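Only one structure is covered here, and it is reproduced in the block below.
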Amino acid sequence: FARAVSLSALPVIAEEVIMPRLETFRAAHPTISLHLSLAQADRPKTPVPDIEILFRQMSRTLPDEAFFLPGDATPVCAPALLAAAGGDPAEAIRRGPLLLDEDTRMWNDWLPKLGETYAPQDDIQTIHLEGSFLLQKAAEHGVGIAICRRVTTRRALDQGRLVELSDIIIDQDWSYTLRVASGREIEPEVRLVTDWLVAIAKEV
């Protein structure tokens with residue numbers, strides 16, 4: 001048997017990018033065992049996985065990391081939430097609730113690009129969630145409106161679980177990165193999985 005290749009990915013990437021393609025990988029490479037685990041931002045994993053998918057501001061990408069997927073983002077919500085606002089994206093955002101990923105940075109960056117038309121009501125409810133995965137899932141469940149990474153919302157948009165509320169995007173200077181543990185990049189099984197991930201990035 002070929003040894004297992006350990007792959008660590010942020011939850012939203014594991015759910016939306018890796019998991020839907022695992023069966024195709026398994027069918028193409030039946031002798032390769034893949035050990036998929038969840039990464040948490042700013043929390044190094046021990047032991048170090050063969051391959052890690054992380055999220056960084058591009059200016060802070062480490063020398064041993066390569067660009068994997070873009071991190072740009074825009075507001076999304078469940079179709080029912082938009083319908084309740086009469087189909088008006090600005091009204092939906094004014095009403096909220098607004099979903100936040102630990103802080104208000106993304107909304108503070110996005111709202112000024114739209115001007116007063118989209119300004120939320122003074123008493124708007126906000127709900128804080130930890131991480132992009134919970135943020136996106138809360139939006140899919142109709143809990144509120146979230147600014148989510150466009151690369152991770154594509155399946156939900158195609159399946160009608162989410163709708164985009166604007167074509168104005170932020171965070172073009174952020175990306176998901178790919179890092180292979182030092183010395184393991186020459187191992188055939190690791191190279192095979194890395195090549196598969198690179199191919200995924202081209203099709204997403």
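Labels for the structure tokens follow display order: chains A, B, ..., residues from 1 in each chain, ligands from 1.
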Ile53 in chain A: which residues within 9 Å, counting only C-alpha atoms, same-chain residues fewer than 5 positions away excluded, as JSON, numbers by chain?
-> {"A": [7, 8, 9, 10, 13, 39, 68, 176, 177, 178, 179]}
Write out as a count of residues only all residues of range 32-149 of chain A that DSSP puts in strand (DSSP E) for this structure's backbone.
-> 35
Counting only C-alpha atoms, what is within 7 Å of range 73-84 of chain A, bar same-chain residues fewer than 3 positions away, as a PyMOL selection string?
-> chain A and resi 87-89+92+139-142+144-150+161-166+168-171
Suppose we keep N, CA and C atoms; can you now write the selection as an mmCIF file, in the first residue's frame?
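Everything below was put into result17.cif:
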data_model
loop_
_atom_site.group_PDB
_atom_site.id
_atom_site.type_symbol
_atom_site.label_atom_id
_atom_site.label_comp_id
_atom_site.auth_asym_id
_atom_site.auth_seq_id
_atom_site.Cartn_x
_atom_site.Cartn_y
_atom_site.Cartn_z
ATOM 1 N N GLY A 87 -36.990 41.600 -2.887
ATOM 2 C CA GLY A 87 -36.026 41.374 -3.960
ATOM 3 C C GLY A 87 -34.999 42.484 -4.098
ATOM 4 N N ASP A 88 -34.971 43.390 -3.146
ATOM 5 C CA ASP A 88 -34.070 44.548 -3.197
ATOM 6 C C ASP A 88 -32.842 44.274 -2.323
ATOM 7 N N PRO A 89 -31.661 44.079 -2.931
ATOM 8 C CA PRO A 89 -30.463 43.783 -2.130
ATOM 9 C C PRO A 89 -30.143 44.864 -1.106
ATOM 10 N N ALA A 92 -32.418 44.458 1.822
ATOM 11 C CA ALA A 92 -32.050 43.281 2.602
ATOM 12 C C ALA A 92 -30.894 43.594 3.536
ATOM 13 N N ALA A 139 -25.525 31.802 6.616
ATOM 14 C CA ALA A 139 -26.179 32.486 5.497
ATOM 15 C C ALA A 139 -27.068 31.519 4.716
ATOM 16 N N GLU A 140 -26.580 30.314 4.461
ATOM 17 C CA GLU A 140 -27.376 29.321 3.728
ATOM 18 C C GLU A 140 -28.643 28.956 4.483
ATOM 19 N N HIS A 141 -28.595 28.971 5.805
ATOM 20 C CA HIS A 141 -29.769 28.637 6.619
ATOM 21 C C HIS A 141 -30.708 29.826 6.811
ATOM 22 N N GLY A 142 -30.402 30.945 6.186
ATOM 23 C CA GLY A 142 -31.293 32.097 6.275
ATOM 24 C C GLY A 142 -31.176 32.891 7.553
ATOM 25 N N GLY A 144 -28.968 35.226 8.262
ATOM 26 C CA GLY A 144 -28.655 36.619 7.998
ATOM 27 C C GLY A 144 -27.841 36.758 6.728
ATOM 28 N N ILE A 145 -27.212 37.914 6.587
ATOM 29 C CA ILE A 145 -26.445 38.237 5.387
ATOM 30 C C ILE A 145 -24.962 38.233 5.748
ATOM 31 N N ALA A 146 -24.176 37.554 4.937
ATOM 32 C CA ALA A 146 -22.750 37.405 5.223
ATOM 33 C C ALA A 146 -21.926 37.814 4.019
ATOM 34 N N ILE A 147 -20.746 38.326 4.295
ATOM 35 C CA ILE A 147 -19.766 38.535 3.233
ATOM 36 C C ILE A 147 -18.904 37.283 3.193
ATOM 37 N N CYS A 148 -19.007 36.546 2.099
ATOM 38 C CA CYS A 148 -18.345 35.242 1.990
ATOM 39 C C CYS A 148 -17.393 35.203 0.806
ATOM 40 N N ARG A 149 -16.439 34.290 0.889
ATOM 41 C CA ARG A 149 -15.458 34.112 -0.181
ATOM 42 C C ARG A 149 -16.144 33.541 -1.419
ATOM 43 N N ARG A 150 -15.938 34.201 -2.536
ATOM 44 C CA ARG A 150 -16.665 33.803 -3.752
ATOM 45 C C ARG A 150 -16.307 32.395 -4.214
ATOM 46 N N ARG A 161 -28.992 27.790 -3.072
ATOM 47 C CA ARG A 161 -29.028 27.949 -1.621
ATOM 48 C C ARG A 161 -28.614 29.344 -1.178
ATOM 49 N N LEU A 162 -27.898 30.038 -2.046
ATOM 50 C CA LEU A 162 -27.479 31.412 -1.786
ATOM 51 C C LEU A 162 -27.695 32.260 -3.025
ATOM 52 N N VAL A 163 -27.814 33.568 -2.806
ATOM 53 C CA VAL A 163 -27.819 34.533 -3.907
ATOM 54 C C VAL A 163 -26.820 35.630 -3.566
ATOM 55 N N GLU A 164 -26.142 36.134 -4.595
ATOM 56 C CA GLU A 164 -25.240 37.266 -4.391
ATOM 57 C C GLU A 164 -26.046 38.551 -4.382
ATOM 58 N N LEU A 165 -25.666 39.466 -3.525
ATOM 59 C CA LEU A 165 -26.397 40.725 -3.398
ATOM 60 C C LEU A 165 -25.711 41.880 -4.101
ATOM 61 N N SER A 166 -24.527 41.662 -4.632
ATOM 62 C CA SER A 166 -23.812 42.742 -5.306
ATOM 63 C C SER A 166 -22.662 42.153 -6.100
ATOM 64 N N ILE A 168 -19.982 44.059 -6.278
ATOM 65 C CA ILE A 168 -18.866 44.776 -5.660
ATOM 66 C C ILE A 168 -18.155 43.816 -4.709
ATOM 67 N N ILE A 169 -16.858 43.633 -4.922
ATOM 68 C CA ILE A 169 -16.117 42.670 -4.129
ATOM 69 C C ILE A 169 -15.026 43.362 -3.310
ATOM 70 N N ILE A 170 -14.623 42.681 -2.249
ATOM 71 C CA ILE A 170 -13.519 43.152 -1.408
ATOM 72 C C ILE A 170 -12.531 42.008 -1.213
ATOM 73 N N ASP A 171 -11.448 42.308 -0.557
ATOM 74 C CA ASP A 171 -10.434 41.316 -0.180
ATOM 75 C C ASP A 171 -9.753 40.659 -1.378
#
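Each of A:Glu102, A:Asp109, A:Glu185, A:Glu23 was checked against Val5 in chain A using only C-alpha atoms; the smallest atom-to-atom distance is that of A:Glu185.
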